[in-house]
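Novice: Take this structure, written in structure tokens, and hold onto it; I'll ask about it next.
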Amino acid sequence: MMKNITMGQYYPVDSWVHRLDPRTKILLTIAMIVAVFMVKTLVGYGLILGFMYLVSRLSNIPIKMLLKGVKPLRFILILTFLLNLFFNPGATMLIDWGFLKISYEGLSTAVHYSLRLVFLVLGTSLMTLTTSPIALSDGIEMLLSPLKKLHFPAHELAMMMSIALRFIPTLMEEADKIMKAQMARGADFESGNLLARAKAMVPLLVPLFVSAFRRAGDLAMAMESRCYHGGENRTRLRVLKITKNDWIAAAGVAVLIVLIVAESHITLPLWAAIKRLFA
């Protein structure tokens, strides 16, 4: 499971998406999240899926690597689906077997919430896989730079977010090493039910926290030894510039949002008419 977490990892290849400005990718990822929550039909989710497939092809990222990031969420996805399926009351009953009641509204809500969670993970994974931590930090800082006039710590916040994203795969790798070391000493993390396996993970927390604090101390000492003083008089090796490709990417996301809005205004009334026809 530790190797399946793709959020925070960077996939270093040369592609059209990798060369985009990090500010563009951050803003377009936010727009994609908004678009996901605007979808109301399965056709809209199909449009989102097709768009993400196109982006993955343009970024030269294997589809398997993107889907691998969804695997750790299997339990959350199943739990979300079942809770909305059985505990969301509705007027149109599909199954009514005593205590087992499934309504059309509950099924629709379960599908919507599950698909939204999947697409949120895929969208953010695409951004982090195609943007290095340094570029991501610079992009966040540039987007928050207007708030510096209000004494907002834009650089410090961007640095904390980039370090947090950078340390996600590092901590996962450290947890995997600790787990293998304890398995070599006879620890069992695979047998038993879900609760037993969760209890078996508790001994991992203490050495993992110790390692995390040690790494944080080493990082702070390294930054201080290099006379790091935040964003004060700081220059950049690469100056961020908006190019024609950034405008093309923004236009593509804008077209996707327009298609989602137009599709919902066409599909929903049509589906309502079909339901009234067979009611």
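By convention here, the chains of the structure tokens are called A, B, ... in the order presented, each chain's residues are numbered starting at 1, and ligands are numbered starting at 1 in the order presented.
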Determine, counting only C-alpha atoms, which protein, DNA and RNA residues have an atom within 7 Å of an atom of Asp21 in chain A; residues of the same chain fewer than 2 positions away are not included. Present the result as a count of residues only.
Specialist: 8
Novice: Counting only C-alpha atoms, what is within 6 Å of Leu129 in chain A, bar same-chain residues fewer than 5 positions away, as a list of chain:residue names?
Specialist: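 Near neighbours after the sequence-gap exclusion: A:Gln9, A:Tyr10, A:Tyr11.
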Novice: Going by DSSP on the backbone, which bits of range 41-268 of chain A are strand (DSSP E or B)? Write them as a PDB file with N, CA and C atoms, in the first residue's frame, please.
Specialist:
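Result went into part10.pdb, see below:
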```
ATOM      1  N   MET A  93     -38.044   3.930  -4.472  1.00  0.00           N
ATOM      2  CA  MET A  93     -37.415   2.745  -3.898  1.00  0.00           C
ATOM      3  C   MET A  93     -37.089   1.743  -4.999  1.00  0.00           C
ATOM      4  N   LEU A  94     -35.859   1.252  -4.982  1.00  0.00           N
ATOM      5  CA  LEU A  94     -35.432   0.209  -5.901  1.00  0.00           C
ATOM      6  C   LEU A  94     -35.529  -1.170  -5.257  1.00  0.00           C
ATOM      7  N   ILE A  95     -35.114  -1.268  -4.002  1.00  0.00           N
ATOM      8  CA  ILE A  95     -35.172  -2.523  -3.240  1.00  0.00           C
ATOM      9  C   ILE A  95     -35.761  -2.226  -1.871  1.00  0.00           C
ATOM     10  N   ASP A  96     -36.780  -2.972  -1.486  1.00  0.00           N
ATOM     11  CA  ASP A  96     -37.412  -2.788  -0.172  1.00  0.00           C
ATOM     12  C   ASP A  96     -37.665  -4.160   0.445  1.00  0.00           C
ATOM     13  N   TRP A  97     -36.602  -4.688   1.094  1.00  0.00           N
ATOM     14  CA  TRP A  97     -36.681  -5.993   1.730  1.00  0.00           C
ATOM     15  C   TRP A  97     -36.520  -5.831   3.235  1.00  0.00           C
ATOM     16  N   LEU A 100     -33.530  -3.829   4.622  1.00  0.00           N
ATOM     17  CA  LEU A 100     -32.696  -3.484   3.475  1.00  0.00           C
ATOM     18  C   LEU A 100     -33.512  -2.636   2.507  1.00  0.00           C
ATOM     19  N   LYS A 101     -33.192  -1.340   2.483  1.00  0.00           N
ATOM     20  CA  LYS A 101     -33.904  -0.415   1.614  1.00  0.00           C
ATOM     21  C   LYS A 101     -32.899   0.396   0.808  1.00  0.00           C
ATOM     22  N   ILE A 102     -33.055   0.325  -0.494  1.00  0.00           N
ATOM     23  CA  ILE A 102     -32.181   1.064  -1.406  1.00  0.00           C
ATOM     24  C   ILE A 102     -33.055   1.897  -2.324  1.00  0.00           C
ATOM     25  N   SER A 103     -32.826   3.179  -2.309  1.00  0.00           N
ATOM     26  CA  SER A 103     -33.602   4.095  -3.148  1.00  0.00           C
ATOM     27  C   SER A 103     -32.755   4.566  -4.327  1.00  0.00           C
TER      28      SER A 103
END
```
Novice: Find the residues around range 60-74 of chain A up to 12 Å (only C-alpha atoms counted), leave out those fewer than 5 positions away in its own chain, and share them as a PyMOL selection string.
Specialist: chain A and resi 1-18+49+52-55+79-81+114-115+117-130+169
Novice: Using N, CA and C atoms, can you write the selected residues to a file as a tab-separated table (two decimals), in the first residue's frame?
Specialist:
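Here's the written file part33.tsv:
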```
chain	number	residue	atom	x	y	z
A	1	MET	N	0.83	-1.20	0.00
A	1	MET	CA	0.00	0.00	0.00
A	1	MET	C	0.86	1.25	0.00
A	2	MET	N	2.04	1.19	0.68
A	2	MET	CA	2.89	2.37	0.76
A	2	MET	C	3.36	2.81	-0.62
A	3	LYS	N	3.60	1.84	-1.51
A	3	LYS	CA	4.11	2.18	-2.83
A	3	LYS	C	3.01	2.69	-3.76
A	4	ASN	N	1.76	2.58	-3.37
A	4	ASN	CA	0.65	2.99	-4.22
A	4	ASN	C	0.29	4.46	-4.07
A	5	ILE	N	0.88	5.17	-3.12
A	5	ILE	CA	0.55	6.57	-2.89
A	5	ILE	C	1.35	7.42	-3.87
A	6	THR	N	0.66	8.08	-4.81
A	6	THR	CA	1.31	8.89	-5.83
A	6	THR	C	1.27	10.37	-5.53
A	7	MET	N	0.39	10.80	-4.61
A	7	MET	CA	0.28	12.22	-4.30
A	7	MET	C	1.57	12.70	-3.62
A	8	GLY	N	2.15	13.76	-4.15
A	8	GLY	CA	3.40	14.28	-3.60
A	8	GLY	C	4.62	13.81	-4.36
A	9	GLN	N	4.47	12.78	-5.20
A	9	GLN	CA	5.59	12.30	-5.99
A	9	GLN	C	5.71	13.09	-7.28
A	10	TYR	N	6.93	13.18	-7.80
A	10	TYR	CA	7.19	13.88	-9.06
A	10	TYR	C	7.72	12.88	-10.08
A	11	TYR	N	7.11	12.88	-11.26
A	11	TYR	CA	7.50	11.96	-12.34
A	11	TYR	C	8.33	12.74	-13.36
A	12	PRO	N	9.66	12.63	-13.29
A	12	PRO	CA	10.53	13.50	-14.10
A	12	PRO	C	10.67	13.05	-15.55
A	13	VAL	N	9.79	13.52	-16.40
A	13	VAL	CA	9.90	13.30	-17.84
A	13	VAL	C	9.66	14.64	-18.54
A	14	ASP	N	10.03	14.69	-19.79
A	14	ASP	CA	9.81	15.90	-20.58
A	14	ASP	C	8.50	15.75	-21.35
A	15	SER	N	7.54	16.62	-21.05
A	15	SER	CA	6.25	16.55	-21.73
A	15	SER	C	5.66	17.95	-21.84
A	16	TRP	N	4.58	18.03	-22.61
A	16	TRP	CA	3.90	19.31	-22.80
A	16	TRP	C	3.32	19.82	-21.49
A	17	VAL	N	2.79	18.94	-20.68
A	17	VAL	CA	2.19	19.33	-19.40
A	17	VAL	C	3.27	19.72	-18.40
A	18	HIS	N	4.40	19.02	-18.40
A	18	HIS	CA	5.48	19.35	-17.47
A	18	HIS	C	6.02	20.75	-17.73
A	49	LEU	N	-13.43	12.13	-17.27
A	49	LEU	CA	-12.53	11.00	-17.45
A	49	LEU	C	-11.76	11.11	-18.77
A	52	MET	N	-9.09	13.83	-18.41
A	52	MET	CA	-7.93	13.39	-17.62
A	52	MET	C	-7.09	12.37	-18.39
A	53	TYR	N	-7.74	11.53	-19.19
A	53	TYR	CA	-6.98	10.59	-20.01
A	53	TYR	C	-6.13	11.34	-21.03
A	54	LEU	N	-6.69	12.41	-21.63
A	54	LEU	CA	-5.94	13.21	-22.58
A	54	LEU	C	-4.74	13.89	-21.90
A	55	VAL	N	-4.96	14.41	-20.70
A	55	VAL	CA	-3.86	15.07	-19.97
A	55	VAL	C	-2.78	14.07	-19.61
A	79	LEU	N	-16.67	2.42	1.89
A	79	LEU	CA	-17.45	2.92	3.02
A	79	LEU	C	-18.34	4.09	2.60
A	80	THR	N	-17.80	5.00	1.80
A	80	THR	CA	-18.60	6.14	1.31
A	80	THR	C	-19.78	5.67	0.48
A	81	PHE	N	-19.53	4.69	-0.38
A	81	PHE	CA	-20.59	4.19	-1.25
A	81	PHE	C	-21.70	3.51	-0.43
A	114	SER	N	-18.64	8.85	-4.64
A	114	SER	CA	-17.50	7.96	-4.89
A	114	SER	C	-16.69	8.42	-6.10
A	115	LEU	N	-17.39	8.77	-7.18
A	115	LEU	CA	-16.68	9.23	-8.37
A	115	LEU	C	-15.99	10.56	-8.13
A	117	LEU	N	-14.68	11.60	-5.33
A	117	LEU	CA	-13.48	11.33	-4.56
A	117	LEU	C	-12.37	10.78	-5.46
A	118	VAL	N	-12.73	9.89	-6.38
A	118	VAL	CA	-11.74	9.31	-7.29
A	118	VAL	C	-11.13	10.39	-8.17
A	119	PHE	N	-11.98	11.26	-8.74
A	119	PHE	CA	-11.47	12.28	-9.65
A	119	PHE	C	-10.68	13.36	-8.91
A	120	LEU	N	-11.01	13.64	-7.66
A	120	LEU	CA	-10.22	14.58	-6.88
A	120	LEU	C	-8.80	14.05	-6.68
A	121	VAL	N	-8.69	12.76	-6.37
A	121	VAL	CA	-7.36	12.16	-6.19
A	121	VAL	C	-6.60	12.14	-7.51
A	122	LEU	N	-7.26	11.79	-8.61
A	122	LEU	CA	-6.59	11.74	-9.90
A	122	LEU	C	-6.13	13.13	-10.34
A	123	GLY	N	-6.96	14.16	-10.11
A	123	GLY	CA	-6.60	15.51	-10.52
A	123	GLY	C	-5.40	16.05	-9.75
A	124	THR	N	-5.41	15.90	-8.43
A	124	THR	CA	-4.29	16.37	-7.63
A	124	THR	C	-3.02	15.55	-7.89
A	125	SER	N	-3.18	14.26	-8.16
A	125	SER	CA	-2.01	13.43	-8.49
A	125	SER	C	-1.39	13.88	-9.80
A	126	LEU	N	-2.21	14.23	-10.78
A	126	LEU	CA	-1.68	14.73	-12.04
A	126	LEU	C	-0.86	16.00	-11.83
A	127	MET	N	-1.33	16.88	-10.96
A	127	MET	CA	-0.60	18.13	-10.71
A	127	MET	C	0.75	17.86	-10.05
A	128	THR	N	0.77	17.03	-9.01
A	128	THR	CA	2.03	16.79	-8.30
A	128	THR	C	2.99	15.94	-9.12
A	129	LEU	N	2.47	15.02	-9.95
A	129	LEU	CA	3.34	14.20	-10.77
A	129	LEU	C	4.02	15.00	-11.88
A	130	THR	N	3.41	16.09	-12.31
A	130	THR	CA	3.96	16.89	-13.41
A	130	THR	C	4.60	18.19	-12.94
A	169	PRO	N	5.99	11.06	0.06
A	169	PRO	CA	6.61	9.80	-0.39
A	169	PRO	C	7.79	9.38	0.49
```
Novice: Which of range 35-207 of chain A end up as alpha helix (DSSP H) when DSSP is run on this backbone - answer as a PyMOL selection string?
Specialist: chain A and resi 35-38+42-58+63-68+74-86+104-129+133-144+154-184+194-200+202-207
